[in-house]
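**Q** What follows is run.txt; its format and atoms are compact mmCIF, C-alpha atoms and all ligand atoms.
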# COMPACT_ATOMS: atom_id res chain seq x y z
CA MET J 2 -173.32 175.06 16.31
CA LEU J 3 -174.19 174.59 12.65
CA GLU J 4 -177.34 176.39 11.49
CA LEU J 5 -179.02 175.12 8.34
CA ASN J 6 -181.08 177.38 6.09
CA PHE J 7 -182.96 176.04 3.07
CA ASN J 8 -184.91 179.20 2.35
CA PRO J 9 -184.93 180.02 -0.55
CA PHE J 10 -184.84 176.40 -1.71
CA PRO J 11 -181.50 175.75 -3.42
CA VAL J 12 -182.21 174.55 -6.97
CA ILE J 13 -179.00 173.00 -8.29
CA GLU J 14 -177.78 172.19 -11.80
CA THR J 15 -175.13 169.78 -12.99
CA ASP J 16 -174.11 168.87 -16.55
CA ARG J 17 -177.13 166.65 -17.15
CA LEU J 18 -179.32 167.14 -14.09
CA LEU J 19 -181.63 169.58 -12.40
CA LEU J 20 -182.02 169.02 -8.66
CA ARG J 21 -185.23 170.72 -7.58
CA ARG J 22 -187.82 170.64 -4.82
CA VAL J 23 -190.13 167.61 -4.62
CA THR J 24 -193.76 168.73 -5.04
CA ASN J 25 -197.19 167.09 -4.85
CA ASP J 26 -197.08 166.76 -8.65
CA ASP J 27 -194.36 164.14 -8.07
CA ALA J 28 -196.68 161.87 -6.04
CA ASN J 29 -196.96 159.21 -8.75
CA ALA J 30 -193.22 159.16 -9.38
CA VAL J 31 -192.46 159.05 -5.64
CA PHE J 32 -194.88 156.16 -5.32
CA GLU J 33 -193.21 154.38 -8.24
CA LEU J 34 -189.81 154.86 -6.61
CA ARG J 35 -190.72 153.92 -3.05
CA SER J 36 -193.04 151.00 -3.84
CA ASN J 37 -190.54 149.17 -6.03
CA PRO J 38 -189.05 146.20 -4.16
CA GLU J 39 -185.94 146.39 -6.34
CA SER J 40 -185.08 150.02 -5.59
CA MET J 41 -186.09 149.55 -1.91
CA LYS J 42 -184.13 146.35 -1.39
CA PHE J 43 -181.46 147.98 0.75
CA ILE J 44 -183.54 150.78 2.23
CA PRO J 45 -185.01 149.75 5.58
CA ARG J 46 -188.35 151.52 5.13
CA PRO J 47 -191.77 150.02 4.37
CA LEU J 48 -192.84 150.00 0.71
CA LEU J 49 -195.43 152.67 -0.06
CA LYS J 50 -198.88 151.22 -0.70
CA ASN J 51 -200.55 154.07 -2.62
CA THR J 52 -200.16 157.69 -3.79
CA GLU J 53 -201.73 158.91 -0.52
CA GLU J 54 -198.68 157.58 1.28
CA ALA J 55 -196.45 159.23 -1.32
CA LEU J 56 -198.16 162.56 -0.56
CA GLU J 57 -197.53 162.01 3.16
CA LEU J 58 -193.85 161.39 2.44
CA ILE J 59 -193.68 164.55 0.33
CA ALA J 60 -195.29 166.50 3.20
CA GLU J 61 -192.67 165.10 5.57
CA ILE J 62 -189.87 166.11 3.20
CA ASP J 63 -191.43 169.59 2.96
CA SER J 64 -191.75 170.10 6.67
CA LYS J 65 -188.08 169.24 7.18
CA ILE J 66 -187.15 171.85 4.58
CA GLU J 67 -189.46 174.45 6.17
CA THR J 68 -188.00 173.85 9.63
CA ASN J 69 -184.42 173.69 8.29
CA ILE J 70 -183.89 170.19 9.66
CA GLY J 71 -183.09 168.36 6.44
CA ILE J 72 -183.32 168.62 2.69
CA ASN J 73 -184.19 166.34 -0.20
CA TRP J 74 -184.04 167.13 -3.89
CA ALA J 75 -185.90 165.56 -6.80
CA ILE J 76 -183.38 164.25 -9.33
CA THR J 77 -184.51 165.15 -12.86
CA LEU J 78 -182.89 165.34 -16.28
CA LYS J 79 -182.59 168.95 -17.47
CA ASP J 80 -184.96 168.48 -20.41
CA ASN J 81 -187.68 166.55 -18.54
CA PRO J 82 -189.39 167.50 -15.27
CA LYS J 83 -190.16 163.86 -14.28
CA LEU J 84 -188.73 162.86 -10.92
CA LEU J 85 -186.28 159.97 -11.44
CA GLY J 86 -184.91 159.79 -7.93
CA ILE J 87 -184.44 161.52 -4.61
CA ILE J 88 -181.22 162.57 -2.93
CA GLY J 89 -180.68 164.52 0.23
CA TYR J 90 -179.18 165.26 3.61
CA TYR J 91 -181.55 163.20 5.74
CA ARG J 92 -180.13 163.43 9.21
CA THR J 93 -177.90 166.17 10.50
CA GLN J 94 -175.93 166.42 13.72
CA PRO J 95 -175.59 170.23 13.93
CA GLU J 96 -173.31 170.01 17.00
CA ASN J 97 -170.88 167.89 14.95
CA TYR J 98 -171.22 169.77 11.64
CA ARG J 99 -172.03 166.36 10.19
CA SER J 100 -174.88 165.13 8.00
CA GLU J 101 -176.00 161.85 6.48
CA ILE J 102 -176.67 161.72 2.76
CA GLY J 103 -179.00 159.20 1.11
CA TYR J 104 -180.29 158.57 -2.39
CA ILE J 105 -182.57 156.40 -4.49
CA LEU J 106 -183.05 156.20 -8.25
CA LEU J 107 -185.57 154.41 -10.49
CA PRO J 108 -184.04 151.12 -11.67
CA GLU J 109 -184.32 151.94 -15.39
CA PHE J 110 -181.91 154.86 -14.85
CA HIS J 111 -179.26 152.91 -12.93
CA GLY J 112 -175.71 152.63 -14.25
CA LYS J 113 -175.64 155.96 -16.09
CA GLY J 114 -173.67 157.81 -13.44
CA ILE J 115 -176.71 159.87 -12.45
CA VAL J 116 -176.39 159.48 -8.69
CA SER J 117 -172.61 160.00 -8.79
CA GLU J 118 -173.15 163.24 -10.71
CA ALA J 119 -175.75 164.46 -8.20
CA LEU J 120 -173.73 163.35 -5.18
CA ASN J 121 -170.53 165.03 -6.38
CA ARG J 122 -172.36 168.34 -6.67
CA LEU J 123 -174.12 167.94 -3.32
CA ILE J 124 -170.82 167.21 -1.58
CA LYS J 125 -169.65 170.64 -2.75
CA TYR J 126 -172.96 172.13 -1.58
CA GLY J 127 -172.61 170.37 1.78
CA PHE J 128 -169.14 171.67 2.52
CA GLU J 129 -169.30 175.10 0.88
CA ASP J 130 -172.89 176.16 1.48
CA LEU J 131 -174.08 174.16 4.48
CA LYS J 132 -170.62 174.42 6.11
CA LEU J 133 -170.51 170.76 7.07
CA HIS J 134 -167.30 169.26 8.37
CA SER J 135 -168.14 165.68 7.44
CA ILE J 136 -170.68 163.73 5.41
CA GLU J 137 -171.72 160.21 6.25
CA ALA J 138 -173.47 157.48 4.27
CA ILE J 139 -174.83 154.30 5.79
CA ILE J 140 -175.22 151.34 3.47
CA ASP J 141 -176.03 147.65 3.47
CA PRO J 142 -172.74 145.77 2.89
CA GLU J 143 -174.32 144.01 -0.09
CA ASN J 144 -175.31 147.25 -1.78
CA PHE J 145 -172.33 147.19 -4.16
CA ALA J 146 -173.71 149.82 -6.54
CA SER J 147 -174.14 152.28 -3.69
CA GLU J 148 -170.68 151.44 -2.34
CA LYS J 149 -169.20 152.07 -5.78
CA VAL J 150 -170.90 155.46 -5.97
CA LEU J 151 -169.49 156.45 -2.58
CA GLN J 152 -165.98 155.29 -3.48
CA LYS J 153 -166.13 157.13 -6.81
CA CYS J 154 -167.03 160.29 -4.89
CA GLY J 155 -164.11 159.92 -2.48
CA PHE J 156 -165.86 158.46 0.57
CA ILE J 157 -163.79 156.20 2.84
CA LYS J 158 -165.09 153.09 4.59
CA GLU J 159 -164.85 153.63 8.33
CA ALA J 160 -166.86 150.89 9.98
CA HIS J 161 -168.80 147.70 9.52
CA PHE J 162 -171.29 147.00 12.29
CA LYS J 163 -172.41 143.39 12.54
CA GLU J 164 -176.14 142.66 12.90
CA SER J 165 -176.61 146.08 14.47
CA ASP J 166 -180.04 146.79 13.03
CA TYR J 167 -183.22 144.74 13.34
CA TYR J 168 -185.57 145.31 10.43
CA GLY J 169 -188.03 143.14 8.51
CA GLY J 170 -187.63 140.22 10.87
CA ARG J 171 -183.86 139.89 10.70
CA PHE J 172 -180.66 141.46 11.99
CA ARG J 173 -178.73 143.39 9.39
CA ASP J 174 -175.16 144.63 9.11
CA LYS J 175 -174.44 148.22 8.24
CA VAL J 176 -171.39 149.86 6.74
CA ILE J 177 -170.47 153.49 7.39
CA TYR J 178 -168.69 155.55 4.77
CA SER J 179 -167.63 159.12 5.35
CA LEU J 180 -166.02 162.07 3.69
CA LEU J 181 -164.20 164.87 5.53
CA GLU J 182 -164.03 168.49 4.48
CA LYS J 183 -160.70 169.07 2.76
C1 LIG J 201 -177.19 152.79 -5.56
C2 LIG J 201 -177.75 153.65 -6.67
C3 LIG J 201 -178.24 154.96 -6.08
C4 LIG J 201 -176.67 153.90 -7.72
O1 LIG J 201 -177.10 154.89 -8.64
P1 LIG J 201 -176.53 154.95 -10.13
O2 LIG J 201 -176.91 156.27 -10.70
O3 LIG J 201 -176.92 153.73 -10.85
O4 LIG J 201 -175.00 154.94 -9.86
P2 LIG J 201 -173.83 155.20 -10.91
O5 LIG J 201 -174.29 154.87 -12.28
O6 LIG J 201 -173.32 156.56 -10.65
O7 LIG J 201 -172.73 154.17 -10.43
C5 LIG J 201 -173.03 152.86 -10.12
C6 LIG J 201 -171.74 152.08 -10.13
O8 LIG J 201 -171.96 150.83 -9.48
C7 LIG J 201 -171.67 149.78 -10.39
N1 LIG J 201 -172.60 148.71 -10.07
C8 LIG J 201 -173.92 148.65 -10.32
N2 LIG J 201 -174.42 147.48 -9.86
C9 LIG J 201 -173.38 146.83 -9.29
C10 LIG J 201 -173.26 145.59 -8.63
N3 LIG J 201 -174.31 144.80 -8.46
N4 LIG J 201 -172.04 145.23 -8.19
C11 LIG J 201 -170.97 146.03 -8.35
N5 LIG J 201 -171.03 147.23 -8.96
C12 LIG J 201 -172.23 147.62 -9.42
C13 LIG J 201 -171.84 150.36 -11.74
O9 LIG J 201 -171.10 149.67 -12.69
C14 LIG J 201 -171.28 151.76 -11.54
O10 LIG J 201 -169.89 151.78 -11.52
P3 LIG J 201 -169.04 152.45 -12.73
O11 LIG J 201 -169.37 153.89 -12.73
O12 LIG J 201 -167.61 152.19 -12.38
O13 LIG J 201 -169.50 151.76 -13.96
C15 LIG J 201 -178.93 152.98 -7.35
O14 LIG J 201 -178.49 151.71 -7.73
C16 LIG J 201 -180.16 152.87 -6.47
O15 LIG J 201 -181.00 153.76 -6.42
N6 LIG J 201 -180.33 151.76 -5.77
C17 LIG J 201 -181.50 151.52 -4.96
C18 LIG J 201 -181.59 152.44 -3.78
C19 LIG J 201 -180.41 152.35 -2.89
O16 LIG J 201 -179.93 151.26 -2.62
N7 LIG J 201 -179.96 153.50 -2.43
C20 LIG J 201 -178.80 153.61 -1.60
C21 LIG J 201 -179.16 153.37 -0.18
S1 LIG J 201 -177.71 153.67 0.77
Using structure tokens, write down the structure from this file.
Ligand SMILES: CC(C)(COP(=O)(O)OP(=O)(O)OC[C@H]1O[C@@H](n2cnc3c(N)ncnc32)[C@H](O)[C@@H]1OP(=O)(O)O)[C@@H](O)C(=O)NCCC(=O)NCCS

**A**
Amino acid sequence: MLELNFNPFPVIETDRLLLRRVTNDDANAVFELRSNPESMKFIPRPLLKNTEEALELIAEIDSKIETNIGINWAITLKDNPKLLGIIGYYRTQPENYRSEIGYILLPEFHGKGIVSEALNRLIKYGFEDLKLHSIEAIIDPENFASEKVLQKCGFIKEAHFKESDYYGGRFRDKVIYSLLEK
């Protein structure tokens, strides 16, 4: 069975980005990110109402890291500590050596390849460091930007479930993409 270990926290660099731990200092940025109807359009979670709720979310992220259940990184540019997005392995199936990756980025930073750059690096981390066998991403079929990111990073579409999820008063489709260890 796969055993995860996020201690010490893995700070990761790419060409342009620094992926670091989310801290309480990020509360305002996390609130900005998770209260924005545009960036939350395809994420079936309630919009945050205030920075208190952002702090609760940060505490949740932290406790998953502490208990080695899951990991999220703050996406930042190397020359600026401001959190621009969050990316991480949200849900892991240790018995299957499989984990689900998810991400969100502030709208003003969309279309610059930021999430693709972070995801490409975290795929390597997932297979080489976490020892995953497969990575999964679950998207709304209308989330074309997210689909493009997954395709650019080599993910393959495996399933489209019709009206499988009930959220916000309606039934929603979901599409599963996955990537296998080479
Ligand atoms: C999905 C998301 C993470 C993409 O991040 P990003 O850093 O902008 O992604 P990239 O710049 O690496 O790539 C986006 C690609 O999608 C394309 N794209 C953007 N909007 C698009 C649209 N409406 N239709 C088709 N393609 C689109 C871009 O042109 C780009 O492709 P290219 O590299 O060939 O030019 C970002 O849009 C986001 O945070 N959305 C809100 C949260 C969300 O939906 N998260 C995913 C939940 S599964």

**Q** Go through the chains and note each residue within 9 Å of ligand LIG 201 (chain J), using only C-alpha atoms and all ligand atoms, then give the set as a PyMOL selection string.

**A** chain J and resi 34+39-45+86-88+102-120+138-141+143-151+153

**Q** Please determine, counting only C-alpha atoms, which residue among J:Met2, J:Glu67, J:His161, J:Ala30 has the shortest atom-to-atom distance to J:Leu133.

**A** J:Met2

**Q** Could you tell me how far atom CA of J:Ile76 lies from atom CA of J:Leu123, in Å and to one decimal?

**A**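 Value for the atom CA of J:Ile76-atom CA of J:Leu123 distance: 11.6 Å.
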
**Q** Between J:Thr93, J:Asn29, J:Thr77, J:Thr24, which has the minimum distance to J:Ile59 (counting all atoms listed in the file)?

**A**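 So, comparing all the options, the nearest one is J:Thr24.
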
**Q** I need the residue nearest J:Asn97 from this list: J:Tyr167, J:Asn25, J:Lys50, J:Leu3. Use only C-alpha atoms for the distance.

**A** J:Leu3

**Q** Write out as a PyMOL selection string each polymer residue whose atoms come within 7 Å of J:Ser165, counting all atoms listed in the file; drop sequence neighbours fewer than 3 positions from it.

**A** chain J and resi 162+172-175

**Q** By how many Å are atom CA of J:Thr15 and atom CA of J:Leu78 apart?

**A** 9.5 Å

**Q** Could you jot down the atom CA of J:Phe128 to atom CA of J:Leu58 separation for me, Å, one decimal place?

**A**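 So the answer is 26.8 Å.
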
**Q** Restricting the calculation to only C-alpha atoms, which member of J:Phe156, J:Tyr98, J:Tyr178, J:Phe32 is positioned closest to J:His134?

**A**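 Looking only at the distances to J:His134, the closest residue turns out to be J:Tyr98.
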
**Q** Just need the box for stretch 79-89 of chain J, edges along x, y and z, holding every atom the file lists for it with 3 Å tacked onto each side, so centre and edge lengths in Å to one decimal, as JSON.

**A**
{"center_x": -185.4, "center_y": 164.4, "center_z": -10.1, "size_x": 15.5, "size_y": 15.2, "size_z": 26.6}

**Q** Show which residues sit within 9 Å of J:Lys158, as a PDB file with C-alpha atoms, keeping the file's coordinate frame. Count only C-alpha atoms, and ignore same-chain residues fewer than 4 positions away.

**A**
ATOM      1  CA  GLN J 152    -165.980 155.290  -3.480  1.00  0.00           C
ATOM      2  CA  VAL J 176    -171.390 149.860   6.740  1.00  0.00           C
ATOM      3  CA  ILE J 177    -170.470 153.490   7.390  1.00  0.00           C
ATOM      4  CA  TYR J 178    -168.690 155.550   4.770  1.00  0.00           C
ATOM      5  CA  SER J 179    -167.630 159.120   5.350  1.00  0.00           C
TER       6      SER J 179
END
